[in-house]
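Inspection log for the structure reproduced underneath, given as structure tokens.
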Amino acid sequence: MADRLAQQIAFLLEADKLKRILRRTPLTDASRPENSAEHSWHLVLAAVVLREHATTDVDLLRVLEMLTVHDLVEIDAGDTFAYDAGHLGTKAERERAAADRIFALLPPDQAARLRERWEEFEAHETPEARFANALDRLQPLLQNACAGGGSWRDHEVTRQQVLRRMDPIRSTMPDLWPRVLEIIEAFCTSGILRSEADSVRE
């Protein structure tokens, strides 16, 4: 038991490093970028609050476990910006190596369980994983909107890029899709989100 507890404590202390990983998404007041630990907490809260909008009944504990661990790999791999095509190409390899190291800090039974949840989130195949991934798309949308465009403005993201990124929400939480479109179209009207055709012409 002493060895098991030592492994669990080592894992928890390692997980604290997620607080150091900065994301491109700002806080809603645009005062600073959020970190990945804050993002994970916010998604856990979103799952509790928005569960009723899922199209299927989901196992909430399973979703919460996925959301809690889904970004732990960023301790080693860093945060890969959703609209950075260059770094997205190496994301899977970098994150898999990180998962191998980080989950192995736990006792074998817990390592297997939480690694399985991470793999499930990445695969997007179960209702729980689809719901978790939809929340992972929705949260940055809301924060960018509150922050006046946030990372969309800073990185010249296009309307089509955001629509593609948000698409999992349409089938998983269709009640929210009109609100998503409303936000996107408002930022198109303001000129912050432009069409890909406009970006190419420039």
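Ordered as shown in the structure tokens, chains take letters A, B, and onward, while each chain numbers its residues from 1 and ligands are numbered from 1 in the order shown.
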- Query: DSSP says strand (DSSP E) for which residues of segment 10-202 of chain A? Put them as a list of chain:residue names?
  - Reply: A:Leu22, A:Arg23, A:Arg24, A:Thr25, A:Pro26, A:Pro33, A:Glu34, A:Asn35
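Across A:Asn133, A:Ser195, A:Thr25, A:Gln110, the tightest approach to Ala47 of chain A is made by A:Asn133 when counting only C-alpha atoms.
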- Task: Do a neighbour search on Leu27 of chain A at 12 Å with only C-alpha atoms, toss out local chain neighbours closer than 4 positions, and write the hits as JSON, numbers by chain.
- Result: {"A": [22, 23, 31, 32, 33, 34, 35, 36, 38, 39, 42, 139, 140, 141, 142, 143, 144, 145, 146, 147, 148, 149, 150, 151]}
- Which residue gives the smallest distance to Leu114 of chain A among A:Asp29, A:Asp175, A:Asp136, A:Asp71, with only C-alpha atoms counted?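 Using only C-alpha atoms, the shortest distance to Leu114 of chain A belongs to A:Asp71.
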